[in-house]
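These notes concern the structure reproduced below.
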Amino acid sequence: MRQDLQQKLYAEFPQLLAHLPGIETGDGWYDILYRMSWRICNYAVLTYGVAGLERVALGCVKEKFGGLRVYMGVQDPQIEDIVREAVDESWRTCERCGHDGELRRGAWLVTLCDGCHGAR
């Protein structure tokens with residue numbers, strides 16, 4: 001993900017993303033990550049209080065085998081559902097541009113729209 005988009009996420013969700021060395025996805029998943037982060041933060045504050053944001057901090061966010069992967073230390077069914085919804089959305093969203101996409105098989109698995117797939 002471009003540095004400017006990463007910085008927007010870090011600025012908006014500093015406690016949630018404090019331990020991430022970087023976000024290893026394409027720019028097209030920015031909106032998915034924003035919505036997921038917003039939902040996790042809101043849930044954490046309502047459930048655990050403001051101090052709970054550090055409890056739910058993300059450890060790794062990346063693309064793997066064409067889909068979004070999110071790793072975190074907390075086990076909370078509601079947060080796991082939020083992450084699962086983001087992962088499911090990633091399988092239908094072009095990682096490069098954010099339009100509707102599908103999993104493409106080649107040398108690598110990647111989720112792309114028709115336009116980005118044709119531009120490869």
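Labels used: A, B, ... for chains in the order of the structure tokens, numbers from 1 for residues in each chain, and numbers from 1 for ligands as shown.
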
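Counting only C-alpha atoms, Trp38 (chain A) has the following residues at most 12 Å away, ignoring those fewer than 3 positions along the same chain: Leu9, Tyr10, Glu12, Phe13, Pro14, Gln15, Leu16, Leu17, Asp31, Ile32, Leu33, Tyr34, Arg35, Cys41, Asn42, Tyr43, Ala44, Val45, Leu53, Ile79, Ile82, Val83 and Ala86 of chain A.
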
Separation of CA of His117 (chain A) from CA of Gly26 (chain A), in Å and rounded to one decimal:
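Going from CA of His117 (chain A) over to CA of Gly26 (chain A) covers 13.7 Å.
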
Skip Pro21 (chain A) itself and residues of its chain fewer than 4 positions away, then list as a PyMOL selection string all residues within 10 Å of it, counting only C-alpha atoms.
chain A and resi 17+59-61

Take the residues from that selection and put them in a file with C-alpha atoms, as an mmCIF file, in the first residue's frame.
data_model
loop_
_atom_site.group_PDB
_atom_site.id
_atom_site.type_symbol
_atom_site.label_atom_id
_atom_site.label_comp_id
_atom_site.auth_asym_id
_atom_site.auth_seq_id
_atom_site.Cartn_x
_atom_site.Cartn_y
_atom_site.Cartn_z
ATOM 1 C CA LEU A 17 -2.098 -0.013 14.278
ATOM 2 C CA GLY A 59 -0.014 -7.528 14.686
ATOM 3 C CA CYS A 60 0.092 -8.012 10.908
ATOM 4 C CA VAL A 61 -1.991 -6.969 7.893
#

Any idea what's packed within 7 Å of Glu24 (chain A), counting only C-alpha atoms, ignoring anything in its chain fewer than 2 positions away? Could you give it as a list in words?
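The residues that qualify are Met1, Gly22, Val61, Lys62 and Glu63 of chain A.
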
Between CA of Trp91 (chain A) and CA of Trp108 (chain A), what is the distance, to one decimal in Å?
14.5 Å

CA of Gly73 (chain A) to CA of Gly52 (chain A), straight-line distance in Å
12.6 Å

Please report, as a ChimeraX atom specification, each residue of chain A to which DSSP assigns helix (DSSP H, G or I) when run on this structure's backbone.
/A:3-12,14-17,27-48,52-55,77-90,114-118

For Met36 (chain A), which of A:Asp100, A:Asp4, A:Asp114, A:Asp81 is the closest residue, counting only C-alpha atoms?
A:Asp81

So, with only C-alpha atoms as the atoms that count, which of A:Cys116, A:Leu68, A:Ala57, A:Leu5 lies closest to Asp27 (chain A)?
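Closest to Asp27 (chain A), using only C-alpha atoms: A:Leu5.
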
Pick out the residues sitting within 6 Å of Cys94 (chain A), and hand them over as a PDB file with C-alpha atoms, in the first residue's frame; count only C-alpha atoms, and ignore anything fewer than 2 positions along from it in its own chain.
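Written file, result-v6.pdb:
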ATOM      1  CA  GLY A  28      -7.430  -1.149  -3.555  1.00  0.00           C
ATOM      2  CA  ARG A  96      -4.954  -2.617  -6.969  1.00  0.00           C
ATOM      3  CA  CYS A  97      -7.906  -0.281  -7.615  1.00  0.00           C
ATOM      4  CA  GLY A  98     -10.763  -1.308  -5.300  1.00  0.00           C
ATOM      5  CA  HIS A  99     -13.298  -2.187  -8.017  1.00  0.00           C
ATOM      6  CA  ASP A 100     -15.143  -5.497  -8.108  1.00  0.00           C
ATOM      7  CA  GLY A 101     -12.594  -8.250  -8.608  1.00  0.00           C
ATOM      8  CA  THR A 111      -7.603 -10.667  -6.614  1.00  0.00           C
ATOM      9  CA  LEU A 112      -8.008  -8.241  -9.516  1.00  0.00           C
ATOM     10  CA  CYS A 113     -10.719  -6.612 -11.617  1.00  0.00           C
TER      11      CYS A 113
END
